[in-house]
Every structure is written in structure tokens, then in C-alpha cells.
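File shown: data.pdb. Contents: PDB, C-alpha atoms and all ligand atoms.
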```
ATOM      1  CA  MET C   1      29.428 -87.955 -20.420
ATOM      2  CA  ARG C   2      30.821 -88.440 -23.934
ATOM      3  CA  THR C   3      29.588 -86.702 -27.058
ATOM      4  CA  LEU C   4      29.297 -88.940 -30.116
ATOM      5  CA  ARG C   5      28.902 -87.711 -33.701
ATOM      6  CA  THR C   6      28.535 -90.787 -35.893
ATOM      7  CA  THR C   7      26.570 -94.014 -36.116
ATOM      8  CA  ARG C   8      29.848 -95.906 -35.976
ATOM      9  CA  GLU C   9      30.832 -94.167 -32.713
ATOM     10  CA  VAL C  10      27.420 -94.903 -31.183
ATOM     11  CA  ARG C  11      27.576 -98.579 -32.124
ATOM     12  CA  ALA C  12      31.117 -98.895 -30.726
ATOM     13  CA  ALA C  13      30.212 -97.076 -27.500
ATOM     14  CA  LEU C  14      27.151 -99.282 -26.885
ATOM     15  CA  PHE C  15      28.604-102.608 -28.031
ATOM     16  CA  GLY C  16      29.729-103.734 -24.586
ATOM     17  CA  ALA C  17      26.458-102.737 -22.912
ATOM     18  CA  ARG C  18      24.375-104.441 -25.567
ATOM     19  CA  THR C  19      26.290-107.710 -25.567
ATOM     20  CA  SER C  20      26.201-107.908 -21.771
ATOM     21  CA  GLY C  21      22.405-107.469 -21.743
ATOM     22  CA  LYS C  22      22.359-103.989 -20.226
ATOM     23  CA  ARG C  23      19.259-101.848 -20.742
ATOM     24  CA  ILE C  24      19.748 -98.866 -23.047
ATOM     25  CA  GLY C  25      17.462 -95.844 -22.655
ATOM     26  CA  LEU C  26      17.177 -93.196 -25.387
ATOM     27  CA  VAL C  27      15.805 -89.665 -25.027
ATOM     28  CA  PRO C  28      15.382 -88.171 -28.537
ATOM     29  CA  THR C  29      15.552 -84.355 -28.476
ATOM     30  CA  MET C  30      16.177 -81.289 -30.588
ATOM     31  CA  GLY C  31      18.120 -79.622 -27.755
ATOM     32  CA  ALA C  32      17.356 -76.311 -25.982
ATOM     33  CA  PHE C  33      16.826 -78.324 -22.832
ATOM     34  CA  HIS C  34      14.334 -77.350 -20.143
ATOM     35  CA  ASP C  35      12.975 -79.224 -17.141
ATOM     36  CA  GLY C  36      10.698 -81.292 -19.389
ATOM     37  CA  HIS C  37      13.745 -82.762 -21.163
ATOM     38  CA  LEU C  38      15.580 -83.174 -17.878
ATOM     39  CA  SER C  39      12.686 -85.113 -16.346
ATOM     40  CA  LEU C  40      12.842 -87.535 -19.324
ATOM     41  CA  MET C  41      16.602 -87.896 -18.809
ATOM     42  CA  ARG C  42      16.263 -88.474 -15.062
ATOM     43  CA  THR C  43      13.597 -91.123 -15.606
ATOM     44  CA  ALA C  44      15.748 -92.784 -18.252
ATOM     45  CA  ARG C  45      18.653 -92.687 -15.784
ATOM     46  CA  ALA C  46      16.563 -94.346 -13.072
ATOM     47  CA  GLU C  47      15.282 -97.072 -15.398
ATOM     48  CA  SER C  48      18.263 -97.847 -17.662
ATOM     49  CA  ASP C  49      21.851 -99.020 -17.364
ATOM     50  CA  VAL C  50      23.023 -96.737 -20.156
ATOM     51  CA  VAL C  51      21.372 -93.433 -21.104
ATOM     52  CA  VAL C  52      21.747 -91.895 -24.555
ATOM     53  CA  VAL C  53      20.319 -88.476 -25.430
ATOM     54  CA  SER C  54      20.155 -87.552 -29.095
ATOM     55  CA  LEU C  55      20.389 -83.892 -30.040
ATOM     56  CA  PHE C  56      19.416 -83.202 -33.620
ATOM     57  CA  VAL C  57      17.342 -80.324 -34.980
ATOM     58  CA  ASN C  58      15.545 -82.337 -37.621
ATOM     59  CA  PRO C  59      14.982 -80.340 -40.812
ATOM     60  CA  LEU C  60      12.490 -82.941 -42.100
ATOM     61  CA  GLN C  61       9.907 -81.944 -39.509
ATOM     62  CA  PHE C  62       9.900 -78.205 -40.290
ATOM     63  CA  ALA C  63       7.795 -76.954 -43.186
ATOM     64  CA  ALA C  64       8.957 -74.045 -45.342
ATOM     65  CA  GLY C  65       8.539 -70.792 -43.432
ATOM     66  CA  GLU C  66       8.644 -72.460 -39.994
ATOM     67  CA  ASP C  67      11.287 -71.776 -37.344
ATOM     68  CA  LEU C  68      14.061 -74.214 -38.413
ATOM     69  CA  HIS C  69      16.639 -71.457 -38.714
ATOM     70  CA  ARG C  70      15.842 -69.652 -35.487
ATOM     71  CA  TYR C  71      15.293 -72.842 -33.445
ATOM     72  CA  PRO C  72      17.469 -72.357 -30.307
ATOM     73  CA  ARG C  73      20.808 -74.169 -30.529
ATOM     74  CA  ASN C  74      23.383 -74.269 -27.750
ATOM     75  CA  GLU C  75      25.089 -77.632 -27.634
ATOM     76  CA  ALA C  76      27.588 -76.632 -24.934
ATOM     77  CA  ASP C  77      24.840 -75.657 -22.451
ATOM     78  CA  ASP C  78      22.797 -78.718 -23.376
ATOM     79  CA  ALA C  79      25.790 -81.013 -22.866
ATOM     80  CA  GLU C  80      26.340 -79.556 -19.400
ATOM     81  CA  SER C  81      22.671 -80.076 -18.421
ATOM     82  CA  ALA C  82      22.627 -83.626 -19.790
ATOM     83  CA  ALA C  83      25.794 -84.506 -17.879
ATOM     84  CA  THR C  84      24.220 -83.162 -14.675
ATOM     85  CA  ALA C  85      21.136 -85.340 -15.313
ATOM     86  CA  GLY C  86      23.414 -88.394 -15.405
ATOM     87  CA  VAL C  87      23.382 -89.014 -19.168
ATOM     88  CA  ASP C  88      26.167 -91.286 -20.445
ATOM     89  CA  PHE C  89      26.246 -90.346 -24.133
ATOM     90  CA  LEU C  90      25.080 -87.298 -26.074
ATOM     91  CA  PHE C  91      24.604 -88.234 -29.728
ATOM     92  CA  ALA C  92      24.819 -84.993 -31.716
ATOM     93  CA  PRO C  93      25.135 -85.889 -35.402
ATOM     94  CA  SER C  94      25.473 -83.546 -38.373
ATOM     95  CA  ASP C  95      22.814 -83.326 -41.097
ATOM     96  CA  GLU C  96      25.189 -85.312 -43.357
ATOM     97  CA  GLU C  97      25.471 -88.092 -40.792
ATOM     98  CA  MET C  98      21.697 -88.344 -40.436
ATOM     99  CA  PHE C  99      20.996 -88.027 -44.154
ATOM    100  CA  PRO C 100      23.951 -89.508 -46.033
ATOM    101  CA  PRO C 101      24.098 -89.382 -49.839
ATOM    102  CA  GLY C 102      21.307 -91.482 -51.322
ATOM    103  CA  PHE C 103      19.045 -91.158 -48.284
ATOM    104  CA  ALA C 104      15.503 -91.532 -49.657
ATOM    105  CA  THR C 105      13.237 -93.405 -47.238
ATOM    106  CA  SER C 106      10.306 -91.720 -45.570
ATOM    107  CA  VAL C 107       8.093 -93.195 -42.841
ATOM    108  CA  ASP C 108       4.418 -92.278 -43.216
ATOM    109  CA  PRO C 109       2.492 -92.972 -39.994
ATOM    110  CA  GLY C 110      -0.919 -92.829 -41.712
ATOM    111  CA  ALA C 111      -4.169 -91.542 -40.223
ATOM    112  CA  VAL C 112      -2.840 -90.755 -36.745
ATOM    113  CA  ALA C 113      -0.731 -88.000 -38.311
ATOM    114  CA  LEU C 114      -3.720 -86.363 -40.015
ATOM    115  CA  GLY C 115      -5.645 -83.574 -38.310
ATOM    116  CA  LEU C 116      -4.582 -81.615 -35.207
ATOM    117  CA  CYS C 117      -0.942 -80.533 -35.759
ATOM    118  CA  GLY C 118      -0.754 -82.680 -38.904
ATOM    119  CA  ALA C 119      -3.364 -80.498 -40.606
ATOM    120  CA  ASN C 120      -1.382 -77.306 -40.118
ATOM    121  CA  ARG C 121       2.133 -78.693 -40.453
ATOM    122  CA  PRO C 122       2.218 -80.708 -43.688
ATOM    123  CA  GLY C 123       4.917 -83.391 -43.610
ATOM    124  CA  HIS C 124       5.733 -82.730 -39.970
ATOM    125  CA  PHE C 125       4.933 -86.181 -38.599
ATOM    126  CA  GLU C 126       6.500 -87.990 -41.562
ATOM    127  CA  GLY C 127       9.651 -86.022 -40.700
ATOM    128  CA  VAL C 128       9.403 -86.978 -37.032
ATOM    129  CA  ALA C 129       8.652 -90.641 -37.815
ATOM    130  CA  THR C 130      11.507 -90.901 -40.312
ATOM    131  CA  VAL C 131      14.132 -89.418 -38.032
ATOM    132  CA  VAL C 132      12.962 -91.272 -34.908
ATOM    133  CA  THR C 133      12.996 -94.570 -36.833
ATOM    134  CA  ARG C 134      16.566 -93.819 -37.918
ATOM    135  CA  LEU C 135      17.569 -92.918 -34.337
ATOM    136  CA  PHE C 136      16.086 -96.212 -33.134
ATOM    137  CA  GLY C 137      18.142 -97.973 -35.820
ATOM    138  CA  ILE C 138      21.349 -96.221 -34.810
ATOM    139  CA  VAL C 139      21.013 -96.525 -31.025
ATOM    140  CA  GLY C 140      18.902 -99.692 -30.679
ATOM    141  CA  PRO C 141      17.339 -98.614 -27.375
ATOM    142  CA  ASP C 142      15.330-100.939 -25.162
ATOM    143  CA  THR C 143      13.212 -97.954 -24.086
ATOM    144  CA  ALA C 144      12.678 -94.501 -25.563
ATOM    145  CA  TYR C 145      11.278 -91.549 -23.601
ATOM    146  CA  PHE C 146       8.932 -88.838 -24.900
ATOM    147  CA  GLY C 147       6.929 -86.040 -23.285
ATOM    148  CA  LEU C 148       3.140 -85.966 -23.416
ATOM    149  CA  LYS C 149       3.030 -82.269 -24.277
ATOM    150  CA  ASP C 150       3.571 -83.542 -27.821
ATOM    151  CA  TYR C 151       0.574 -85.842 -27.476
ATOM    152  CA  GLN C 152       0.064 -86.543 -31.172
ATOM    153  CA  GLN C 153       3.794 -87.166 -31.608
ATOM    154  CA  VAL C 154       3.601 -89.892 -28.942
ATOM    155  CA  ALA C 155       0.629 -91.459 -30.765
ATOM    156  CA  VAL C 156       2.620 -91.350 -34.022
ATOM    157  CA  ILE C 157       5.665 -92.995 -32.431
ATOM    158  CA  ARG C 158       3.513 -95.718 -30.850
ATOM    159  CA  ARG C 159       1.912 -96.358 -34.257
ATOM    160  CA  ILE C 160       5.230 -96.788 -36.083
ATOM    161  CA  VAL C 161       6.668 -98.969 -33.321
ATOM    162  CA  GLU C 162       3.610-101.216 -33.523
ATOM    163  CA  ASP C 163       3.349-101.271 -37.310
ATOM    164  CA  LEU C 164       7.052-101.751 -38.034
ATOM    165  CA  ALA C 165       7.507-104.163 -35.083
ATOM    166  CA  LEU C 166      10.353-102.043 -33.736
ATOM    167  CA  PRO C 167      11.822-103.706 -30.623
ATOM    168  CA  VAL C 168      11.572-100.667 -28.347
ATOM    169  CA  GLU C 169       9.302 -99.793 -25.438
ATOM    170  CA  ILE C 170       7.831 -96.288 -25.550
ATOM    171  CA  ARG C 171       7.532 -94.435 -22.263
ATOM    172  CA  ALA C 172       5.402 -91.277 -22.355
ATOM    173  CA  LEU C 173       5.901 -88.971 -19.393
ATOM    174  CA  PRO C 174       3.750 -86.132 -18.053
ATOM    175  CA  THR C 175       4.047 -82.569 -19.262
ATOM    176  CA  VAL C 176       6.259 -80.472 -17.011
ATOM    177  CA  ARG C 177       4.856 -77.024 -16.300
ATOM    178  CA  GLU C 178       6.071 -73.642 -15.135
ATOM    179  CA  PRO C 179       4.732 -72.639 -11.690
ATOM    180  CA  ASP C 180       1.827 -70.743 -13.347
ATOM    181  CA  GLY C 181       0.896 -73.778 -15.468
ATOM    182  CA  LEU C 182       2.423 -72.950 -18.868
ATOM    183  CA  ALA C 183       3.784 -76.152 -20.389
ATOM    184  CA  MET C 184       7.555 -76.075 -20.718
ATOM    185  CA  SER C 185       8.670 -75.811 -24.331
ATOM    186  CA  SER C 186      11.862 -74.813 -26.094
ATOM    187  CA  ARG C 187       9.709 -72.343 -28.036
ATOM    188  CA  ASN C 188       8.758 -70.441 -24.844
ATOM    189  CA  ARG C 189      12.131 -68.725 -25.332
ATOM    190  CA  TYR C 190      10.706 -66.850 -28.296
ATOM    191  CA  LEU C 191       8.028 -65.126 -26.180
ATOM    192  CA  THR C 192       8.306 -61.466 -25.216
ATOM    193  CA  PRO C 193       7.393 -60.749 -21.551
ATOM    194  CA  GLU C 194       3.953 -59.570 -22.686
ATOM    195  CA  GLU C 195       3.404 -62.697 -24.808
ATOM    196  CA  ARG C 196       4.585 -64.893 -21.946
ATOM    197  CA  GLU C 197       1.863 -63.401 -19.737
ATOM    198  CA  ARG C 198      -0.799 -64.101 -22.318
ATOM    199  CA  ALA C 199       0.516 -67.605 -23.071
ATOM    200  CA  VAL C 200      -0.657 -68.938 -19.705
ATOM    201  CA  GLY C 201      -4.187 -68.574 -21.112
ATOM    202  CA  LEU C 202      -3.458 -71.852 -22.879
ATOM    203  CA  PHE C 203      -3.301 -73.660 -19.541
ATOM    204  CA  HIS C 204      -6.329 -71.796 -18.181
ATOM    205  CA  ALA C 205      -8.321 -72.886 -21.239
ATOM    206  CA  LEU C 206      -7.510 -76.535 -20.518
ATOM    207  CA  GLN C 207      -8.441 -76.064 -16.865
ATOM    208  CA  HIS C 208     -11.796 -74.480 -17.697
ATOM    209  CA  ALA C 209     -12.731 -77.223 -20.139
ATOM    210  CA  SER C 210     -11.577 -79.827 -17.642
ATOM    211  CA  SER C 211     -13.792 -78.320 -14.932
ATOM    212  CA  ARG C 212     -16.789 -78.519 -17.279
ATOM    213  CA  TYR C 213     -15.912 -82.148 -17.966
ATOM    214  CA  ALA C 214     -15.638 -82.850 -14.216
ATOM    215  CA  GLU C 215     -19.113 -81.317 -13.776
ATOM    216  CA  GLY C 216     -20.451 -83.879 -16.270
ATOM    217  CA  GLU C 217     -20.249 -82.067 -19.612
ATOM    218  CA  ARG C 218     -19.490 -84.565 -22.374
ATOM    219  CA  ASP C 219     -20.411 -82.623 -25.521
ATOM    220  CA  PRO C 220     -17.115 -82.036 -27.378
ATOM    221  CA  ALA C 221     -18.490 -78.881 -28.999
ATOM    222  CA  VAL C 222     -19.225 -77.375 -25.572
ATOM    223  CA  LEU C 223     -15.827 -78.414 -24.182
ATOM    224  CA  CYS C 224     -14.073 -76.892 -27.201
ATOM    225  CA  ALA C 225     -16.157 -73.707 -26.996
ATOM    226  CA  THR C 226     -15.262 -73.355 -23.304
ATOM    227  CA  ALA C 227     -11.564 -73.641 -24.080
ATOM    228  CA  ALA C 228     -11.819 -71.352 -27.135
ATOM    229  CA  ALA C 229     -13.551 -68.634 -25.106
ATOM    230  CA  THR C 230     -10.705 -68.603 -22.562
ATOM    231  CA  LEU C 231      -8.111 -68.531 -25.348
ATOM    232  CA  GLY C 232      -9.934 -65.605 -26.952
ATOM    233  CA  ASP C 233     -10.073 -63.734 -23.633
ATOM    234  CA  ALA C 234      -6.295 -64.185 -23.299
ATOM    235  CA  GLY C 235      -5.747 -62.735 -26.780
ATOM    236  CA  LEU C 236      -4.396 -65.977 -28.222
ATOM    237  CA  ASP C 237      -4.995 -66.844 -31.905
ATOM    238  CA  VAL C 238      -6.522 -70.303 -32.051
ATOM    239  CA  GLU C 239      -5.135 -72.690 -34.658
ATOM    240  CA  TYR C 240      -7.235 -75.590 -33.399
ATOM    241  CA  VAL C 241      -9.149 -76.751 -30.330
ATOM    242  CA  GLU C 242     -10.287 -80.353 -30.619
ATOM    243  CA  VAL C 243     -11.535 -83.212 -28.510
ATOM    244  CA  ARG C 244     -10.399 -86.620 -29.744
ATOM    245  CA  ASP C 245     -10.281 -90.178 -28.430
ATOM    246  CA  ALA C 246      -7.328 -90.208 -26.021
ATOM    247  CA  GLU C 247      -5.880 -93.441 -27.347
ATOM    248  CA  THR C 248      -6.585 -93.514 -31.079
ATOM    249  CA  LEU C 249      -6.927 -89.752 -31.699
ATOM    250  CA  GLY C 250     -10.023 -90.748 -33.690
ATOM    251  CA  VAL C 251     -13.572 -89.572 -33.048
ATOM    252  CA  TYR C 252     -14.389 -89.106 -29.361
ATOM    253  CA  THR C 253     -17.151 -91.160 -27.767
ATOM    254  CA  PRO C 254     -18.242 -90.176 -24.231
ATOM    255  CA  GLU C 255     -17.708 -93.624 -22.698
ATOM    256  CA  ARG C 256     -13.968 -93.462 -23.439
ATOM    257  CA  ALA C 257     -11.210 -91.096 -22.283
ATOM    258  CA  ALA C 258     -10.745 -87.964 -24.383
ATOM    259  CA  VAL C 259      -7.853 -85.658 -25.067
ATOM    260  CA  LEU C 260      -8.516 -81.963 -25.476
ATOM    261  CA  ALA C 261      -5.718 -80.689 -27.711
ATOM    262  CA  VAL C 262      -5.003 -77.044 -28.451
ATOM    263  CA  ALA C 263      -2.624 -75.100 -30.706
ATOM    264  CA  VAL C 264      -2.369 -71.311 -30.630
ATOM    265  CA  ARG C 265      -0.223 -68.536 -31.964
ATOM    266  CA  VAL C 266       1.173 -65.924 -29.620
ATOM    267  CA  GLY C 267       2.789 -63.324 -31.816
ATOM    268  CA  ASP C 268       5.142 -65.288 -34.091
ATOM    269  CA  THR C 269       5.253 -68.303 -31.789
ATOM    270  CA  ARG C 270       3.171 -71.446 -32.095
ATOM    271  CA  LEU C 271       2.409 -73.259 -28.821
ATOM    272  CA  ILE C 272       0.556 -76.514 -28.152
ATOM    273  CA  ASP C 273      -0.851 -78.154 -25.038
ATOM    274  CA  ASN C 274      -3.395 -80.799 -24.104
ATOM    275  CA  ILE C 275      -5.224 -82.472 -21.264
ATOM    276  CA  VAL C 276      -6.694 -85.925 -20.913
ATOM    277  CA  LEU C 277     -10.319 -85.995 -19.797
ATOM    278  CA  ALA C 278     -11.172 -89.326 -18.250
ATOM    279  CA  PRO C 279     -14.168 -90.132 -16.041
ATOM    280  CA  ALA C 280     -12.033 -91.994 -13.504
ATOM    281  CA  LEU C 281      -9.764 -89.018 -12.769
ATOM    282  CA  LYS C 282     -10.851 -86.295 -10.369
ATOM    283  CA  PRO C 283      -9.755 -82.714 -11.190
ATOM    284  CA  VAL C 284      -7.529 -82.638  -8.137
ATOM    285  CA  GLN C 285      -5.626 -85.612  -9.517
ATOM    286  CA  ARG C 286      -5.435 -84.077 -12.962
ATOM    287  CA  PHE C 287      -3.844 -80.908 -11.708
ATOM    288  CA  ALA C 288      -1.847 -82.227  -8.782
ATOM    289  CA  GLY C 289       1.699 -80.946  -8.860
ATOM    290  CA  ARG C 290       2.993 -79.624 -12.157
ATOM    291  CA  THR C 291       1.742 -82.352 -14.420
ATOM    292  CA  ASN C 292      -1.549 -82.951 -16.153
ATOM    293  CA  TRP C 293      -1.801 -86.646 -16.806
ATOM    294  CA  SER C 294       0.350 -89.701 -16.821
ATOM    295  CA  GLU C 295      -0.124 -93.146 -18.172
ATOM    296  CA  ALA C 296       2.694 -94.267 -15.885
TER
HETATM  297  O1  LIG A   1      10.115 -83.856 -29.744
HETATM  298  C1  LIG A   1      11.165 -83.569 -30.353
HETATM  299  O2  LIG A   1      12.065 -82.914 -29.838
HETATM  300  C2  LIG A   1      11.345 -84.059 -31.791
HETATM  301  O3  LIG A   1      10.141 -84.054 -32.473
HETATM  302  C3  LIG A   1      12.024 -85.438 -31.870
HETATM  303  C4  LIG A   1      11.176 -86.519 -31.220
HETATM  304  C5  LIG A   1      13.387 -85.394 -31.212
HETATM  305  C6  LIG A   1      12.233 -85.854 -33.335
HETATM  306  O4  LIG A   1      13.040 -84.938 -34.009
END
```

Output the file's structure in the form of C-alpha cells.
Ligand code: PAF
Amino acid sequence: MRTLRTTREVRAALFGARTSGKRIGLVPTMGAFHDGHLSLMRTARAESDVVVVSLFVNPLQFAAGEDLHRYPRNEADDAESAATAGVDFLFAPSDEEMFPPGFATSVDPGAVALGLCGANRPGHFEGVATVVTRLFGIVGPDTAYFGLKDYQQVAVIRRIVEDLALPVEIRALPTVREPDGLAMSSRNRYLTPEERERAVGLFHALQHASSRYAEGERDPAVLCATAAATLGDAGLDVEYVEVRDAETLGVYTPERAAVLAVAVRVGDTRLIDNIVLAPALKPVQRFAGRTNWSEA
């Protein structure tokens, strides 16, 4: 695996592959790799001729007072993990490379970025959309891989790809979970042992609401109240619990699939998770293995 720092290096490294029609897969990341990242890399490896992983802690997507400065950074460990997952190129640019003098463009994904995480993290999804658009421009991937734990992020990326006619296929892969169900996240590293124990309440809340849904409950207020009660019992501070249309993230109607999305605070750490509630899926399918739902 080779580490690349500049747009010029990326273009030179991929020139041969691109001109000979090879498929390029991109996994955009902010580093601090866990099994969720590695599953994206392994899938990219299986489906692409050339795999590029970008590693850039994007300042545009952190609001003032968020965890930009304490976000875990260990490029050497990440490079080792990526190499083991069969990645060809790690693109780890500097801030100056990503935002050269004169950089001024911002990508606003519109309504899909409002509400849920967008309501509590002003500018977050514009920051994500801007940097992902630039990464697509630099790498020119045929396919880009994202995890469904960041459900709204996936919806945002799909929106910009559609609206800006970006020639890239988006693959959204299931959330990877710890054995007790907690969704893997780079931010789990912030948790104290006591907070880690409480954090699993997030998964239990999704399970309880999902069981109510499987029993026939379709009232979003009841589903949210079920989840909120479990979060409260676990001592988690609820930022939001919402049921939205699974595809548009707009208002939920019972004849269509829903997503139940949750954000909580555990001590100083903000965690998110979600589950898709769809009539066709039985609970056993939803919770089989360590994943919740896949469009794959
Ligand atoms: O999901 C992430 O790690 C980031 O939001 C992303 C997509 C790499 C953009 O900075």
C-alpha cells in the first residue's frame, strides 16, 4: 500500500488504472479505523480493481465546541490496518491540500440535511458534502462506500450525487456492531468503562421499538416513546429520537419503510444509531448477525 498526500500524486497513481478501464473504489474516512471501516474496505477490495481509502479529519464538518481537536488520530496504525484489508492507496492530505488558497465553494445538500443531526450540528452536512464532493473530484471513483450507521450522511451523499450528476455509484453497507450490539464508532474510544456499559442502551432502545413495530405498532409517537423510555432507563441524554421515511427522510407514512434514528449524549460523547423498520422484514432478519439492515 502506498500513502499519497496530494491531488497530483493521486491522479498520477490512478492514471494507468483509469485509462485501462479498471474499477476504482473509494472509502472516504476520518481515520481511527474499527471493524466498520474495515468491512467497507474489504467490500471495496472484493468489488474493485483499485481501492483508495481517504483519511482526512474534515474541519468543515465540526461546529465550534465539537471534538475536532480531540478526534482520534493515528495514521501509522490506520495505514497498517488498511494495508491488511488489501487497500492499494491511502490518500492522507493536509488541510492545505484539501483547502488551497482561494478555496470558497460550499455544497449545500438542501432539505435532507435539515432535522435529525442537521438540527443539532449546524453546517455539519454542508461540510461533509463539500469535502466528499472534492474527494470524488480528486479520486474519480466508480464506486464509493459508506456505512449506514451515518444514515443521514448516506442520504445527503445520495442527494448530491443525484443533483450534481456525479458519475459515482454509492454503496451503503450495514452497521457493524460490537458483540453486545453497540454500533462501532471512532467516538466509542472516548467512553469510560461505565459510559460504555450505559451506551449499549442505544441498541436496546432500537430493539424495543423494533419489536413494537413487528407487533404491528405504526404510530411514530409510540415508537419514539418506546425508544426514549429505554434510553432514559439506561441513563442516556436524548438529543433526538425520530421516525422518518427511510428513503427521503421526510415525513413517515405507515405504508412505507421507516427509519428510527437516535442521537444521545453519554457524558461528553455524542453517539448516533438507527434501525430501518420495514413491513417485509421479520425481526430475526433485522437482527441477524451483527448488522441491522442492508440495502445490498
Ligand atoms: O463518515 C465520515 O468519516 C466522514 O463524515 C466523511 C464521509 C469521511 C467525510 O469527512

Q) From the list C:Thr7, C:Ser185, C:Ser48, C:Ser39, which residue is nearest ligand LIG 1 (chain A) when using all atoms listed in the file? A) C:Ser185

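Taking CA of Ala155 (chain C) as the reference point, CA of Ala246 (chain C) is found at 9.3 Å.
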
**Q.** Selection result of the PyMOL selection byres (((chain C and resi 206-216) around 8) and not hetatm) on this file, as an NGL selection string
**A.** :C and (202-205 or 217-218 or 223-224 or 226-227 or 230 or 260 or 274-275 or 277 or 279 or 282-283)

Q.
Between C:Glu178, C:Glu194, C:Gln152, C:Gly235, which residue has the minimum interatomic distance to Val259 (chain C), considering only C-alpha atoms?
A.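 Closest candidate: C:Gln152.
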
Q: Go through C:Leu38, C:Val168, C:Ala32, C:Val107 one by one, measure the shortest atom-to-atom distance of each to Pro72 (chain C) using only C-alpha atoms, and give the residue with the smallest value.
A: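 Distance minimum relative to Pro72 (chain C) lands on C:Ala32.
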
Q: Determine the residue membership of the PyMOL selection byres (((chain C and resi 117) around 10) and not hetatm) for the file above and supply it as a PyMOL selection string.
A: chain C and resi 113-116+118-122+124-125+150-153+239-240+261-263+272

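Checking C:Gly147, C:Gly16, C:Gly86, C:Gly36 one by one against ligand LIG 1 (chain A), counting only C-alpha atoms and all ligand atoms, you find the shortest gap at C:Gly147.
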
Q: Apply the PyMOL selection byres (((not hetatm)) within 9 of (chain A and resi 1)) to the structure shown and report the selected residues as JSON, numbers by chain.
A: {"C": [27, 28, 29, 30, 31, 37, 54, 55, 56, 57, 58, 59, 60, 61, 124, 125, 127, 128, 129, 130, 131, 132, 135, 146, 147, 150, 153, 154, 157, 186]}

Q: Please identify all polymer residues within 10 Å of Ile170 (chain C), counting all atoms listed in the file, omitting same-chain residues fewer than 2 positions from it, and present them as number ranges by chain.
A: C: 26, 141-146, 154, 157-158, 161, 167-168, 172-173

Q: Tell me which protein, DNA and RNA residues are within 12 Å of Val266 (chain C), counting all atoms listed in the file, leaving out same-chain ones fewer than 2 positions away, and put them as a VMD selection string.
A: chain C and resid 187 to 188 190 to 202 231 to 232 234 to 239 263 to 264 268 to 272

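CA of Asp88 (chain C) to CA of Val51 (chain C) spans 5.3 Å [interatomic distance, one decimal].
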
All residues 8 Å or closer to Thr3 (chain C), all atoms listed in the file, same chain fewer than 5 positions away omitted, as a CSV table (one decimal) with C-alpha atoms, in the coordinates of the input:
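Writing done, so here's selection_31.csv:
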```
chain,number,residue,atom,x,y,z
C,89,PHE,CA,26.2,-90.3,-24.1
C,90,LEU,CA,25.1,-87.3,-26.1
C,91,PHE,CA,24.6,-88.2,-29.7
C,92,ALA,CA,24.8,-85.0,-31.7
```

**Q.** Distance of CA of Phe99 (chain C) from CA of Val156 (chain C), expressed in Å to one decimal place
**A.** 21.2 Å

Q | Residue nearest Asp95 (chain C) - candidates C:Thr6, C:Ala183, C:Glu162, C:Gly140, atoms counted: all atoms listed in the file | A |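 Answer, going by the shortest atom-to-atom distance: C:Thr6.
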